[in-house]
file query29.txt (compact mmCIF, C-alpha atoms and all ligand atoms)
# COMPACT_ATOMS: atom_id res chain seq x y z
CA MET A 1 -14.41 -25.03 -6.05
CA GLU A 2 -16.09 -23.53 -9.10
CA ILE A 3 -19.00 -22.26 -7.04
CA PHE A 4 -21.44 -21.28 -9.80
CA ALA A 5 -20.77 -24.50 -11.71
CA GLU A 6 -21.56 -26.46 -8.55
CA LEU A 7 -24.72 -24.42 -7.88
CA SER A 8 -25.84 -24.90 -11.44
CA GLU A 9 -25.16 -28.65 -11.58
CA HIS A 10 -27.22 -29.39 -8.47
CA ARG A 11 -29.68 -26.52 -8.86
CA TYR A 12 -28.98 -24.60 -5.69
CA GLU A 13 -31.02 -21.44 -5.35
CA GLN A 14 -28.88 -19.33 -3.09
CA VAL A 15 -25.78 -19.32 -0.92
CA VAL A 16 -25.26 -16.62 1.65
CA PHE A 17 -21.92 -15.82 3.27
CA CYS A 18 -22.32 -14.14 6.64
CA HIS A 19 -19.47 -12.23 8.21
CA ASP A 20 -19.45 -10.06 11.28
CA ARG A 21 -16.16 -8.52 12.33
CA GLN A 22 -17.28 -7.67 15.85
CA THR A 23 -18.37 -11.16 16.85
CA GLY A 24 -16.06 -13.10 14.56
CA LEU A 25 -19.05 -14.72 12.85
CA ARG A 26 -18.15 -16.67 9.73
CA ALA A 27 -21.19 -18.60 8.55
CA ILE A 28 -22.63 -19.95 5.33
CA ILE A 29 -26.33 -20.51 4.63
CA ALA A 30 -27.17 -22.74 1.67
CA ILE A 31 -30.69 -22.81 0.26
CA HIS A 32 -31.07 -25.67 -2.15
CA ASP A 33 -34.70 -25.74 -3.23
CA THR A 34 -37.82 -23.95 -2.01
CA THR A 35 -40.38 -25.42 -4.43
CA LEU A 36 -42.35 -27.06 -1.62
CA GLY A 37 -41.85 -24.33 0.97
CA PRO A 38 -39.20 -22.46 2.95
CA ALA A 39 -35.88 -24.23 3.37
CA LEU A 40 -35.59 -25.75 6.82
CA GLY A 41 -32.36 -27.21 8.11
CA GLY A 42 -30.06 -27.23 11.09
CA CYS A 43 -27.10 -25.01 11.85
CA ARG A 44 -23.90 -26.97 12.32
CA MET A 45 -21.00 -25.41 14.24
CA TYR A 46 -17.68 -27.05 13.52
CA PRO A 47 -14.00 -26.04 13.37
CA TYR A 48 -13.69 -26.68 9.63
CA ALA A 49 -10.08 -26.91 8.43
CA SER A 50 -10.86 -24.60 5.51
CA GLU A 51 -13.61 -22.44 4.05
CA ASP A 52 -13.87 -24.87 1.13
CA GLU A 53 -14.53 -27.73 3.52
CA ALA A 54 -17.31 -25.71 5.18
CA LEU A 55 -18.85 -24.85 1.83
CA VAL A 56 -18.77 -28.43 0.56
CA ASP A 57 -20.40 -29.60 3.79
CA VAL A 58 -23.20 -27.02 3.81
CA LEU A 59 -24.03 -27.60 0.14
CA ARG A 60 -24.15 -31.39 0.58
CA LEU A 61 -26.29 -31.13 3.70
CA ALA A 62 -28.71 -28.56 2.23
CA ARG A 63 -29.39 -30.74 -0.79
CA GLY A 64 -30.02 -33.74 1.46
CA MET A 65 -32.64 -31.72 3.33
CA THR A 66 -34.58 -31.07 0.11
CA TYR A 67 -34.97 -34.80 -0.45
CA LYS A 68 -35.71 -35.54 3.19
CA ALA A 69 -38.47 -32.93 3.48
CA ALA A 70 -39.99 -33.86 0.13
CA ALA A 71 -40.05 -37.60 0.80
CA SER A 72 -41.54 -36.93 4.25
CA GLY A 73 -44.49 -35.08 2.76
CA LEU A 74 -43.48 -31.83 4.46
CA ASN A 75 -44.25 -28.50 2.83
CA LEU A 76 -40.67 -27.46 3.24
CA GLY A 77 -37.62 -27.05 1.09
CA GLY A 78 -34.02 -27.91 1.79
CA GLY A 79 -31.41 -25.74 3.43
CA LYS A 80 -28.67 -25.86 5.96
CA SER A 81 -26.17 -23.54 7.60
CA VAL A 82 -22.71 -23.87 9.07
CA ILE A 83 -20.82 -21.65 11.46
CA ILE A 84 -17.06 -22.00 11.21
CA GLY A 85 -15.76 -22.29 14.76
CA ASP A 86 -15.20 -24.53 17.74
CA PRO A 87 -18.48 -25.07 19.61
CA HIS A 88 -16.53 -25.55 22.88
CA THR A 89 -14.63 -22.28 22.77
CA ASP A 90 -16.05 -19.92 20.15
CA LYS A 91 -19.70 -19.55 21.16
CA SER A 92 -21.20 -16.32 22.46
CA GLU A 93 -24.60 -14.72 22.76
CA ALA A 94 -23.46 -11.99 20.34
CA LEU A 95 -22.31 -14.54 17.75
CA PHE A 96 -25.70 -16.23 17.59
CA ARG A 97 -27.61 -12.96 17.67
CA SER A 98 -25.49 -11.75 14.80
CA PHE A 99 -26.26 -14.96 12.91
CA GLY A 100 -29.96 -14.50 13.72
CA ARG A 101 -29.88 -11.09 12.04
CA TYR A 102 -28.55 -12.65 8.86
CA ILE A 103 -31.32 -15.27 8.92
CA GLU A 104 -33.85 -12.46 9.36
CA THR A 105 -32.60 -10.76 6.18
CA LEU A 106 -33.77 -13.81 4.21
CA GLY A 107 -37.37 -13.06 5.16
CA GLY A 108 -38.29 -16.66 5.98
CA ARG A 109 -36.70 -18.36 2.97
CA TYR A 110 -34.47 -20.21 5.47
CA ILE A 111 -35.61 -21.58 8.86
CA VAL A 112 -32.87 -22.63 11.22
CA ALA A 113 -32.84 -25.49 13.77
CA GLU A 114 -30.33 -27.17 16.05
CA ASP A 115 -27.69 -29.48 14.65
CA VAL A 116 -24.30 -30.91 15.58
CA GLY A 117 -22.46 -28.30 17.67
CA THR A 118 -25.47 -26.08 18.38
CA SER A 119 -28.03 -26.23 21.21
CA THR A 120 -31.48 -25.02 22.23
CA GLU A 121 -29.71 -22.20 24.10
CA ASP A 122 -28.07 -21.05 20.86
CA MET A 123 -31.46 -21.16 19.13
CA ALA A 124 -32.86 -19.00 21.93
CA HIS A 125 -30.24 -16.31 21.14
CA ILE A 126 -31.10 -16.54 17.44
CA ARG A 127 -34.81 -16.21 18.29
CA VAL A 128 -34.23 -12.76 19.76
CA GLU A 129 -33.38 -11.54 16.25
CA THR A 130 -35.66 -13.63 14.04
CA SER A 131 -38.79 -15.74 14.21
CA HIS A 132 -37.45 -18.06 11.51
CA VAL A 133 -36.15 -20.64 13.96
CA VAL A 134 -37.50 -23.92 15.35
CA GLY A 135 -36.30 -26.21 18.11
CA ALA A 136 -37.28 -24.49 21.33
CA ASP A 137 -37.38 -26.52 24.53
CA VAL A 138 -40.69 -27.76 25.89
CA THR A 139 -40.91 -25.05 28.58
CA HIS A 140 -40.93 -22.46 25.79
CA GLY A 141 -43.67 -24.18 23.80
CA GLY A 142 -41.23 -26.08 21.61
CA SER A 143 -41.11 -29.68 20.50
CA GLY A 144 -38.25 -30.78 22.79
CA ASP A 145 -36.03 -33.83 22.28
CA PRO A 146 -36.52 -35.16 18.73
CA SER A 147 -35.10 -38.62 19.46
CA PRO A 148 -38.32 -40.38 20.59
CA PHE A 149 -39.95 -39.18 17.36
CA THR A 150 -37.01 -40.33 15.28
CA ALA A 151 -37.31 -43.74 16.95
CA LEU A 152 -41.06 -43.85 16.27
CA GLY A 153 -40.42 -43.08 12.60
CA VAL A 154 -37.84 -45.86 12.35
CA LEU A 155 -40.36 -48.26 13.88
CA GLN A 156 -42.94 -47.25 11.26
CA GLY A 157 -40.42 -47.81 8.49
CA MET A 158 -39.64 -51.23 9.92
CA ARG A 159 -43.35 -52.11 9.89
CA ALA A 160 -43.66 -51.34 6.18
CA CYS A 161 -40.53 -53.39 5.47
CA ALA A 162 -41.75 -56.29 7.60
CA GLU A 163 -45.04 -56.30 5.70
CA GLU A 164 -43.13 -56.57 2.44
CA VAL A 165 -40.69 -59.24 3.55
CA PHE A 166 -42.65 -61.29 6.11
CA GLY A 167 -46.21 -60.56 5.02
CA SER A 168 -47.26 -58.75 8.22
CA SER A 169 -46.58 -55.28 9.61
CA SER A 170 -46.45 -56.71 13.13
CA LEU A 171 -42.98 -56.83 14.62
CA GLU A 172 -44.00 -59.28 17.33
CA GLY A 173 -41.66 -62.24 17.50
CA LEU A 174 -39.15 -60.76 15.05
CA THR A 175 -35.52 -60.43 16.09
CA VAL A 176 -34.05 -56.96 15.75
CA ALA A 177 -30.33 -56.24 16.17
CA VAL A 178 -29.76 -52.66 17.34
CA GLN A 179 -26.33 -51.05 16.95
CA GLY A 180 -26.06 -48.10 19.35
CA LEU A 181 -28.23 -47.48 22.39
CA GLY A 182 -28.06 -43.69 22.55
CA HIS A 183 -30.94 -41.25 22.26
CA VAL A 184 -32.60 -42.97 19.32
CA GLY A 185 -31.43 -46.56 19.85
CA TYR A 186 -32.70 -46.68 23.43
CA ASN A 187 -36.13 -45.29 22.47
CA LEU A 188 -36.32 -47.68 19.54
CA CYS A 189 -35.59 -50.64 21.82
CA ARG A 190 -38.35 -49.48 24.17
CA LEU A 191 -40.88 -49.36 21.32
CA LEU A 192 -39.74 -52.70 19.89
CA HIS A 193 -39.94 -54.33 23.32
CA GLU A 194 -43.51 -53.05 23.69
CA GLU A 195 -44.28 -54.61 20.31
CA GLY A 196 -43.00 -57.98 21.45
CA ALA A 197 -39.85 -58.06 19.31
CA ASN A 198 -36.71 -59.88 20.49
CA LEU A 199 -33.70 -57.61 20.86
CA ILE A 200 -30.00 -58.15 20.26
CA VAL A 201 -28.04 -55.04 21.23
CA THR A 202 -24.62 -53.50 21.41
CA ASP A 203 -22.96 -50.25 22.41
CA VAL A 204 -19.47 -49.16 23.30
CA GLU A 205 -20.91 -47.81 26.56
CA GLU A 206 -21.40 -50.71 28.96
CA ALA A 207 -24.02 -48.87 31.04
CA ALA A 208 -26.24 -48.45 27.98
CA VAL A 209 -26.07 -52.19 27.29
CA GLU A 210 -26.82 -53.07 30.94
CA ARG A 211 -29.91 -50.85 30.85
CA ALA A 212 -31.23 -52.54 27.70
CA ILE A 213 -30.66 -55.97 29.27
CA SER A 214 -32.53 -55.11 32.45
CA GLU A 215 -35.37 -53.07 30.90
CA PHE A 216 -35.98 -54.98 27.68
CA SER A 217 -34.47 -58.44 28.29
CA ALA A 218 -32.13 -57.68 25.39
CA LYS A 219 -29.36 -60.10 24.45
CA PRO A 220 -25.97 -58.32 24.33
CA VAL A 221 -23.23 -58.90 21.77
CA GLU A 222 -19.85 -57.23 21.27
CA PRO A 223 -19.79 -54.13 19.02
CA ASP A 224 -17.86 -56.00 16.32
CA GLU A 225 -20.45 -58.81 16.25
CA ILE A 226 -23.67 -56.88 15.74
CA LEU A 227 -23.49 -56.62 11.96
CA SER A 228 -23.12 -60.36 11.50
CA VAL A 229 -25.60 -61.74 14.05
CA PRO A 230 -28.51 -63.69 12.56
CA CYS A 231 -31.59 -61.48 12.84
CA ASP A 232 -34.67 -60.37 10.92
CA ILE A 233 -33.92 -56.64 11.03
CA LEU A 234 -30.61 -54.86 11.49
CA ALA A 235 -31.00 -51.35 12.93
CA PRO A 236 -27.86 -49.20 12.67
CA CYS A 237 -28.37 -46.40 15.23
CA ALA A 238 -24.80 -45.35 15.94
CA LEU A 239 -22.54 -44.70 12.97
CA GLY A 240 -22.71 -44.02 9.26
CA ALA A 241 -21.15 -46.10 6.45
CA VAL A 242 -21.78 -49.42 8.21
CA ILE A 243 -22.92 -51.05 4.97
CA ASN A 244 -19.72 -51.41 2.96
CA ASP A 245 -17.58 -53.95 1.10
CA GLU A 246 -16.26 -55.42 4.32
CA THR A 247 -19.54 -55.81 6.19
CA LEU A 248 -21.85 -56.81 3.33
CA PRO A 249 -20.75 -60.45 2.98
CA HIS A 250 -21.32 -61.03 6.72
CA LEU A 251 -24.86 -59.62 7.01
CA ARG A 252 -27.42 -62.21 8.11
CA CYS A 253 -30.58 -60.09 8.14
CA ARG A 254 -33.54 -59.61 5.77
CA ILE A 255 -34.04 -55.88 6.41
CA VAL A 256 -31.71 -52.94 7.21
CA ALA A 257 -33.63 -50.13 8.93
CA GLY A 258 -32.08 -47.76 11.45
CA SER A 259 -31.69 -44.11 12.40
CA ALA A 260 -28.05 -43.53 11.46
CA ASN A 261 -27.33 -41.09 8.65
CA ASN A 262 -25.47 -42.23 5.54
CA VAL A 263 -25.78 -45.93 6.34
CA LEU A 264 -24.49 -46.87 2.86
CA LEU A 265 -20.81 -46.09 2.37
CA GLU A 266 -21.54 -45.57 -1.33
CA PRO A 267 -24.76 -45.81 -3.39
CA ARG A 268 -23.51 -49.03 -5.01
CA HIS A 269 -23.77 -50.71 -1.60
CA GLY A 270 -27.52 -50.15 -1.78
CA GLU A 271 -27.53 -52.07 -5.03
CA GLU A 272 -25.55 -54.88 -3.42
CA LEU A 273 -28.03 -55.08 -0.55
CA ALA A 274 -30.88 -55.45 -3.03
CA GLY A 275 -28.88 -58.06 -4.95
CA ARG A 276 -28.57 -60.10 -1.78
CA GLY A 277 -32.31 -59.91 -1.18
CA ILE A 278 -31.99 -57.54 1.79
CA LEU A 279 -34.58 -54.77 1.90
CA TYR A 280 -33.03 -51.40 2.77
CA ALA A 281 -35.13 -48.66 4.37
CA PRO A 282 -33.47 -45.46 3.10
CA ASP A 283 -31.95 -43.62 6.06
CA TYR A 284 -33.16 -40.11 5.30
CA VAL A 285 -36.75 -41.31 4.96
CA ILE A 286 -37.09 -43.43 8.07
CA ASN A 287 -35.01 -41.16 10.33
CA ALA A 288 -37.13 -38.09 9.46
CA GLY A 289 -39.30 -38.31 12.59
CA GLY A 290 -37.26 -35.66 14.39
CA LEU A 291 -37.54 -33.28 11.44
CA ILE A 292 -41.28 -33.87 11.10
CA ASN A 293 -41.69 -33.20 14.81
CA VAL A 294 -39.70 -29.98 14.89
CA ALA A 295 -41.39 -28.72 11.70
CA ASP A 296 -44.71 -28.95 13.52
CA GLU A 297 -43.61 -25.92 15.57
CA LEU A 298 -44.25 -23.78 12.49
CA GLU A 299 -47.99 -24.34 12.99
CA GLY A 300 -47.90 -23.95 16.78
CA TYR A 301 -46.58 -27.18 18.22
CA ASN A 302 -49.10 -29.97 18.76
CA ARG A 303 -47.61 -33.23 20.02
CA ALA A 304 -50.54 -35.43 18.97
CA ARG A 305 -50.52 -34.01 15.44
CA ALA A 306 -46.74 -34.39 15.20
CA THR A 307 -47.03 -38.03 16.31
CA GLN A 308 -49.62 -38.74 13.63
CA ARG A 309 -47.42 -37.14 11.00
CA VAL A 310 -44.39 -39.17 12.08
CA LYS A 311 -46.45 -42.34 11.77
CA ARG A 312 -46.89 -41.58 8.06
CA ILE A 313 -43.30 -42.69 7.54
CA TYR A 314 -44.96 -46.09 7.18
CA ASP A 315 -46.77 -44.79 4.06
CA SER A 316 -43.60 -43.19 2.67
CA MET A 317 -41.77 -46.49 3.01
CA LYS A 318 -44.64 -48.32 1.30
CA SER A 319 -44.48 -45.82 -1.59
CA ILE A 320 -40.74 -46.35 -1.89
CA ILE A 321 -41.19 -50.11 -2.08
CA ALA A 322 -43.85 -49.59 -4.77
CA ILE A 323 -41.58 -47.28 -6.81
CA SER A 324 -38.69 -49.71 -6.40
CA ARG A 325 -40.85 -52.43 -7.93
CA ARG A 326 -42.33 -50.14 -10.63
CA ASP A 327 -38.95 -48.86 -11.82
CA GLY A 328 -36.90 -51.96 -11.05
CA VAL A 329 -34.48 -49.94 -8.91
CA PRO A 330 -33.13 -50.39 -5.38
CA THR A 331 -34.95 -48.59 -2.57
CA HIS A 332 -32.29 -45.89 -2.05
CA VAL A 333 -32.88 -44.82 -5.66
CA ALA A 334 -36.66 -45.12 -5.27
CA ALA A 335 -36.51 -42.74 -2.27
CA ASP A 336 -34.90 -40.04 -4.41
CA THR A 337 -37.56 -40.67 -7.09
CA LEU A 338 -40.34 -40.24 -4.53
CA ALA A 339 -38.88 -36.89 -3.47
CA LEU A 340 -38.21 -35.66 -7.02
CA GLU A 341 -41.64 -36.67 -8.31
CA ARG A 342 -43.28 -34.63 -5.57
CA ILE A 343 -41.10 -31.58 -6.23
CA GLN A 344 -41.71 -31.84 -9.98
CA ALA A 345 -45.48 -32.20 -9.50
CA ILE A 346 -45.63 -29.05 -7.38
CA SER A 347 -43.26 -27.04 -9.57
CA SER A 348 -45.34 -27.80 -12.64
CA ILE A 349 -48.53 -26.30 -11.19
CA GLU A 350 -49.62 -23.38 -13.37
CA ARG A 351 -48.80 -20.02 -11.87
CA LEU A 352 -52.11 -18.20 -11.89
CA HIS A 353 -51.97 -14.46 -11.94
CA THR A 354 -54.53 -12.90 -9.68
CA GLY A 355 -53.53 -9.28 -9.80
CA HIS A 356 -51.93 -7.09 -12.41
CA PRO A 357 -52.00 -8.65 -15.93
CA TYR A 358 -48.20 -8.46 -16.11
CA GLY A 359 -47.75 -9.91 -12.62
CA GLU A 360 -46.67 -8.14 -9.47
CA ARG A 361 -45.21 -4.76 -10.18
CA PRO A 362 -42.16 -3.78 -8.19
CA ARG A 363 -43.26 -1.46 -5.44
CA GLN A 364 -42.49 2.21 -6.03
CA ARG A 365 -39.83 3.51 -3.71
CA GLU A 366 -41.09 6.33 -1.60
CA VAL A 367 -39.56 9.60 -2.67
CA LEU A 368 -38.45 11.41 0.42
P1 LIG A 401 -26.26 -40.76 20.35
O1 LIG A 401 -24.90 -40.15 20.32
O2 LIG A 401 -27.19 -40.42 21.46
O3 LIG A 401 -26.13 -42.37 20.34
C1 LIG A 401 -25.19 -43.07 19.61
C2 LIG A 401 -24.85 -44.32 20.43
O4 LIG A 401 -24.00 -45.16 19.64
C3 LIG A 401 -24.09 -44.00 21.72
O5 LIG A 401 -24.69 -44.68 22.81
C4 LIG A 401 -22.69 -44.54 21.42
O6 LIG A 401 -22.02 -45.00 22.60
C5 LIG A 401 -22.97 -45.65 20.46
N1 LIG A 401 -21.84 -46.05 19.64
C6 LIG A 401 -20.86 -45.28 19.13
N2 LIG A 401 -20.00 -46.03 18.42
C7 LIG A 401 -20.46 -47.30 18.48
C8 LIG A 401 -20.01 -48.53 17.94
N3 LIG A 401 -18.89 -48.62 17.21
N4 LIG A 401 -20.73 -49.64 18.18
C9 LIG A 401 -21.84 -49.57 18.93
N5 LIG A 401 -22.31 -48.44 19.48
C10 LIG A 401 -21.63 -47.31 19.25
O7 LIG A 401 -26.91 -40.43 18.94
P2 LIG A 401 -28.47 -40.51 18.55
O8 LIG A 401 -29.07 -39.17 18.71
O9 LIG A 401 -29.08 -41.67 19.21
O10 LIG A 401 -28.35 -40.76 16.99
C11 LIG A 401 -27.97 -42.03 16.48
C12 LIG A 401 -27.80 -41.94 14.98
O11 LIG A 401 -29.02 -41.51 14.38
C13 LIG A 401 -26.75 -40.92 14.52
O12 LIG A 401 -26.14 -41.41 13.36
C14 LIG A 401 -27.58 -39.68 14.20
O13 LIG A 401 -26.95 -38.87 13.23
C15 LIG A 401 -28.83 -40.30 13.63
N6 LIG A 401 -30.03 -39.47 13.76
C16 LIG A 401 -30.47 -39.07 14.97
C17 LIG A 401 -31.61 -38.30 15.08
C18 LIG A 401 -32.15 -37.87 16.43
O14 LIG A 401 -33.31 -37.44 16.50
N7 LIG A 401 -31.37 -37.97 17.50
C19 LIG A 401 -32.32 -37.92 13.91
C20 LIG A 401 -31.86 -38.35 12.67
C21 LIG A 401 -30.70 -39.13 12.61
call {"tool": "encode", "arguments": {"input": "query29.txt", "output": "structure tokens"}}
result
Amino acid sequence: MEIFAELSEHRYEQVVFCHDRQTGLRAIIAIHDTTLGPALGGCRMYPYASEDEALVDVLRLARGMTYKAAASGLNLGGGKSVIIGDPHTDKSEALFRSFGRYIETLGGRYIVAEDVGTSTEDMAHIRVETSHVVGADVTHGGSGDPSPFTALGVLQGMRACAEEVFGSSSLEGLTVAVQGLGHVGYNLCRLLHEEGANLIVTDVEEAAVERAISEFSAKPVEPDEILSVPCDILAPCALGAVINDETLPHLRCRIVAGSANNVLLEPRHGEELAGRGILYAPDYVINAGGLINVADELEGYNRARATQRVKRIYDSMKSIIAISRRDGVPTHVAADTLALERIQAISSIERLHTGHPYGERPRQREVL
């Protein structure tokens, strides 16, 4: 990869390679954009086949975080980190403390959180070396499991979509097909059931389906049927890329709104959804509840405040629908516009000098 060409094309601010011989640490931190605030993003640990693969992944993920934070109204930028290694065999206290020291050198420009392959325990090791970490467990004053908040955000996104398509933000009486009954899917079903929605569900784990049947009177279907069942809202909460050339012709829903990342196989599938009159709630906007919740730790975690902030995903989705109409573009494009407009508005604020007429002077080094 031509690294500087890539950084220039997508306007990355900084990439940090971290290497520690003693612990075997090989990590990359990518900071995409800090216009709105420090770059917050998870640390992924994965046995990447090559360094290039790790770099491509961290750059892609960091950029995605910029858009996600901006569209969520958070005062945060986008960043991400990856540790090259097998999370089952290569973890150690020393490895994460070493990584924590690298994060500390960035002085708060990057704030780390849990991600695929890392845990609250790993974050605890990092915390010994730096305060620039979020995602502690509840017993340590942290925000705990993000999934109920992610589910709440998805529900809010669904409300905004329902208002647009059916003329009311109430989900009562609507039929929602939920693919995947894991951490988010189960919590989403609970909220939808409380709202009086009818549920059609599937999962590859039979026990998860049985639980949804008994607790929420959900109607089960086979995993390969869920994308084509007649319903008002389809909620992908298991896998990415479920909206593709093969599945599109079979969809029988009016809205697609779920927690899964990268729901569209390619951007053009978002255009096809719009062409078929199906309203798509962009994944990174409506699944941001977990991020909004964990970011609240930066102000001293307050569950009630975090809940209120997650509920604003309704407003973000309304704005996206408005931009989609204003610009005549599909909603996945409108989501990017929402994020970019906010970043541009903040970056264009005049920089007012308050001190020295020529700006901050570099501090004099002490002469020993
Ligand atoms: P999870 O692993 O707890 O749940 C996924 C569920 O999907 C499991 O029950 C699994 O058995 C099921 N599943 C897997 N393959 C399936 C298939 N082919 N058909 C039907 N069901 C299948 O994960 P989660 O934390 O609930 O996250 C769900 C999705 O939401 C993921 O794509 C994740 O990246 C995304 N997401 C989660 C969060 C969060 O807070 N947990 C935040 C943002 C995005």
call {"tool": "closest_atom_pairs", "arguments": {"input": "query29.txt", "of": "chain A", "to": "ligand LIG 401 (chain A)", "cutoff": "7 Å", "atoms": "all atoms listed in the file", "output": "JSON lines"}}
result
{"residue": "A:Pro146", "atom": "CA", "partner": "A:LIG401", "partner_atom": "O14", "distance": 4.5}
{"residue": "A:Ser147", "atom": "CA", "partner": "A:LIG401", "partner_atom": "O14", "distance": 3.7}
{"residue": "A:Phe149", "atom": "CA", "partner": "A:LIG401", "partner_atom": "O14", "distance": 6.9}
{"residue": "A:Thr150", "atom": "CA", "partner": "A:LIG401", "partner_atom": "O14", "distance": 4.9}
{"residue": "A:Gln179", "atom": "CA", "partner": "A:LIG401", "partner_atom": "C9", "distance": 5.1}
{"residue": "A:Gly180", "atom": "CA", "partner": "A:LIG401", "partner_atom": "O4", "distance": 3.6}
{"residue": "A:Leu181", "atom": "CA", "partner": "A:LIG401", "partner_atom": "O5", "distance": 4.5}
{"residue": "A:Gly182", "atom": "CA", "partner": "A:LIG401", "partner_atom": "O3", "distance": 3.2}
{"residue": "A:His183", "atom": "CA", "partner": "A:LIG401", "partner_atom": "O9", "distance": 3.6}
{"residue": "A:Val184", "atom": "CA", "partner": "A:LIG401", "partner_atom": "O9", "distance": 3.8}
{"residue": "A:Gly185", "atom": "CA", "partner": "A:LIG401", "partner_atom": "O9", "distance": 5.5}
{"residue": "A:Thr202", "atom": "CA", "partner": "A:LIG401", "partner_atom": "C9", "distance": 5.4}
{"residue": "A:Asp203", "atom": "CA", "partner": "A:LIG401", "partner_atom": "N5", "distance": 3.5}
{"residue": "A:Val204", "atom": "CA", "partner": "A:LIG401", "partner_atom": "N5", "distance": 4.8}
{"residue": "A:Glu205", "atom": "CA", "partner": "A:LIG401", "partner_atom": "O6", "distance": 5.0}
{"residue": "A:Ala208", "atom": "CA", "partner": "A:LIG401", "partner_atom": "O5", "distance": 6.6}
{"residue": "A:Pro223", "atom": "CA", "partner": "A:LIG401", "partner_atom": "N4", "distance": 4.7}
{"residue": "A:Cys237", "atom": "CA", "partner": "A:LIG401", "partner_atom": "C12", "distance": 4.5}
{"residue": "A:Ala238", "atom": "CA", "partner": "A:LIG401", "partner_atom": "O4", "distance": 3.8}
{"residue": "A:Leu239", "atom": "CA", "partner": "A:LIG401", "partner_atom": "O12", "distance": 4.9}
{"residue": "A:Gly240", "atom": "CA", "partner": "A:LIG401", "partner_atom": "O12", "distance": 5.9}
{"residue": "A:Ser259", "atom": "CA", "partner": "A:LIG401", "partner_atom": "O11", "distance": 4.2}
{"residue": "A:Ala260", "atom": "CA", "partner": "A:LIG401", "partner_atom": "O12", "distance": 3.4}
{"residue": "A:Asn261", "atom": "CA", "partner": "A:LIG401", "partner_atom": "O12", "distance": 4.9}
{"residue": "A:Asn287", "atom": "CA", "partner": "A:LIG401", "partner_atom": "C20", "distance": 4.8}
{"residue": "A:Ala288", "atom": "CA", "partner": "A:LIG401", "partner_atom": "C20", "distance": 6.2}
{"residue": "A:Gly290", "atom": "CA", "partner": "A:LIG401", "partner_atom": "O14", "distance": 4.8}
call {"tool": "closest_residue", "arguments": {"input": "query29.txt", "among": "A:Gly153, A:Pro236, A:Gly173, A:Gly64", "to": "Arg309 in chain A", "atoms": "all atoms listed in the file"}}
result
A:Gly153
call {"tool": "closest_residue", "arguments": {"input": "query29.txt", "among": "A:Ala197, A:Ala162, A:Ala334, A:Val133", "to": "Gly270 in chain A", "atoms": "all atoms listed in the file"}}
result
A:Ala334
call {"tool": "closest_residue", "arguments": {"input": "query29.txt", "among": "A:Thr118, A:Thr66, A:Val82, A:Gly328", "to": "Glu51 in chain A", "atoms": "only C-alpha atoms"}}
result
A:Val82
call {"tool": "closest_residue", "arguments": {"input": "query29.txt", "among": "A:Arg127, A:Lys80, A:Arg254, A:Arg190", "to": "Arg44 in chain A", "atoms": "all atoms listed in the file"}}
result
A:Lys80
call {"tool": "closest_residue", "arguments": {"input": "query29.txt", "among": "A:Ser92, A:Leu340, A:Leu199, A:Asn75", "to": "Cys231 in chain A", "atoms": "only C-alpha atoms"}}
result
A:Leu199
call {"tool": "residues_around", "arguments": {"input": "query29.txt", "residues": "Asp90 in chain A", "least_positions_apart": "2", "cutoff": "12 Å", "atoms": "all atoms listed in the file", "output": "PyMOL selection string"}}
result
chain A and resi 23-26+45-47+83-88+92-96+117-118
call {"tool": "residues_around", "arguments": {"input": "query29.txt", "residues": "Cys189 in chain A", "least_positions_apart": "6", "cutoff": "8 Å", "atoms": "only C-alpha atoms", "output": "mmCIF file with C-alpha atoms, in the coordinates of the input"}}
result
data_model
loop_
_atom_site.group_PDB
_atom_site.id
_atom_site.type_symbol
_atom_site.label_atom_id
_atom_site.label_comp_id
_atom_site.auth_asym_id
_atom_site.auth_seq_id
_atom_site.Cartn_x
_atom_site.Cartn_y
_atom_site.Cartn_z
ATOM 1 C CA VAL A 178 -29.760 -52.660 17.340
ATOM 2 C CA LEU A 199 -33.700 -57.610 20.860
ATOM 3 C CA ALA A 212 -31.230 -52.540 27.700
ATOM 4 C CA PHE A 216 -35.980 -54.980 27.680
#
call {"tool": "atom_distance", "arguments": {"input": "query29.txt", "atom1": "CA of Arg21 in chain A", "atom2": "CA of Phe99 in chain A"}}
result
12.0 Å
call {"tool": "residues_near_point", "arguments": {"input": "query29.txt", "point": "(-35.0, -20.3, 8.8)", "cutoff": "6 Å", "atoms": "all atoms listed in the file", "output": "ChimeraX atom specification"}}
result
/A:40,108,110-112,132-133
call {"tool": "write_last_selection", "arguments": {"input": "query29.txt", "atoms": "C-alpha atoms", "output": "short mmCIF file (atom, residue, chain, number, x, y, z; two decimals), keeping the file's coordinate frame"}}
result
data_model
loop_
_atom_site.label_atom_id
_atom_site.label_comp_id
_atom_site.auth_asym_id
_atom_site.auth_seq_id
_atom_site.Cartn_x
_atom_site.Cartn_y
_atom_site.Cartn_z
CA LEU A 40 -35.59 -25.75 6.82
CA GLY A 108 -38.29 -16.66 5.98
CA TYR A 110 -34.47 -20.21 5.47
CA ILE A 111 -35.61 -21.58 8.86
CA VAL A 112 -32.87 -22.63 11.22
CA HIS A 132 -37.45 -18.06 11.51
CA VAL A 133 -36.15 -20.64 13.96
#
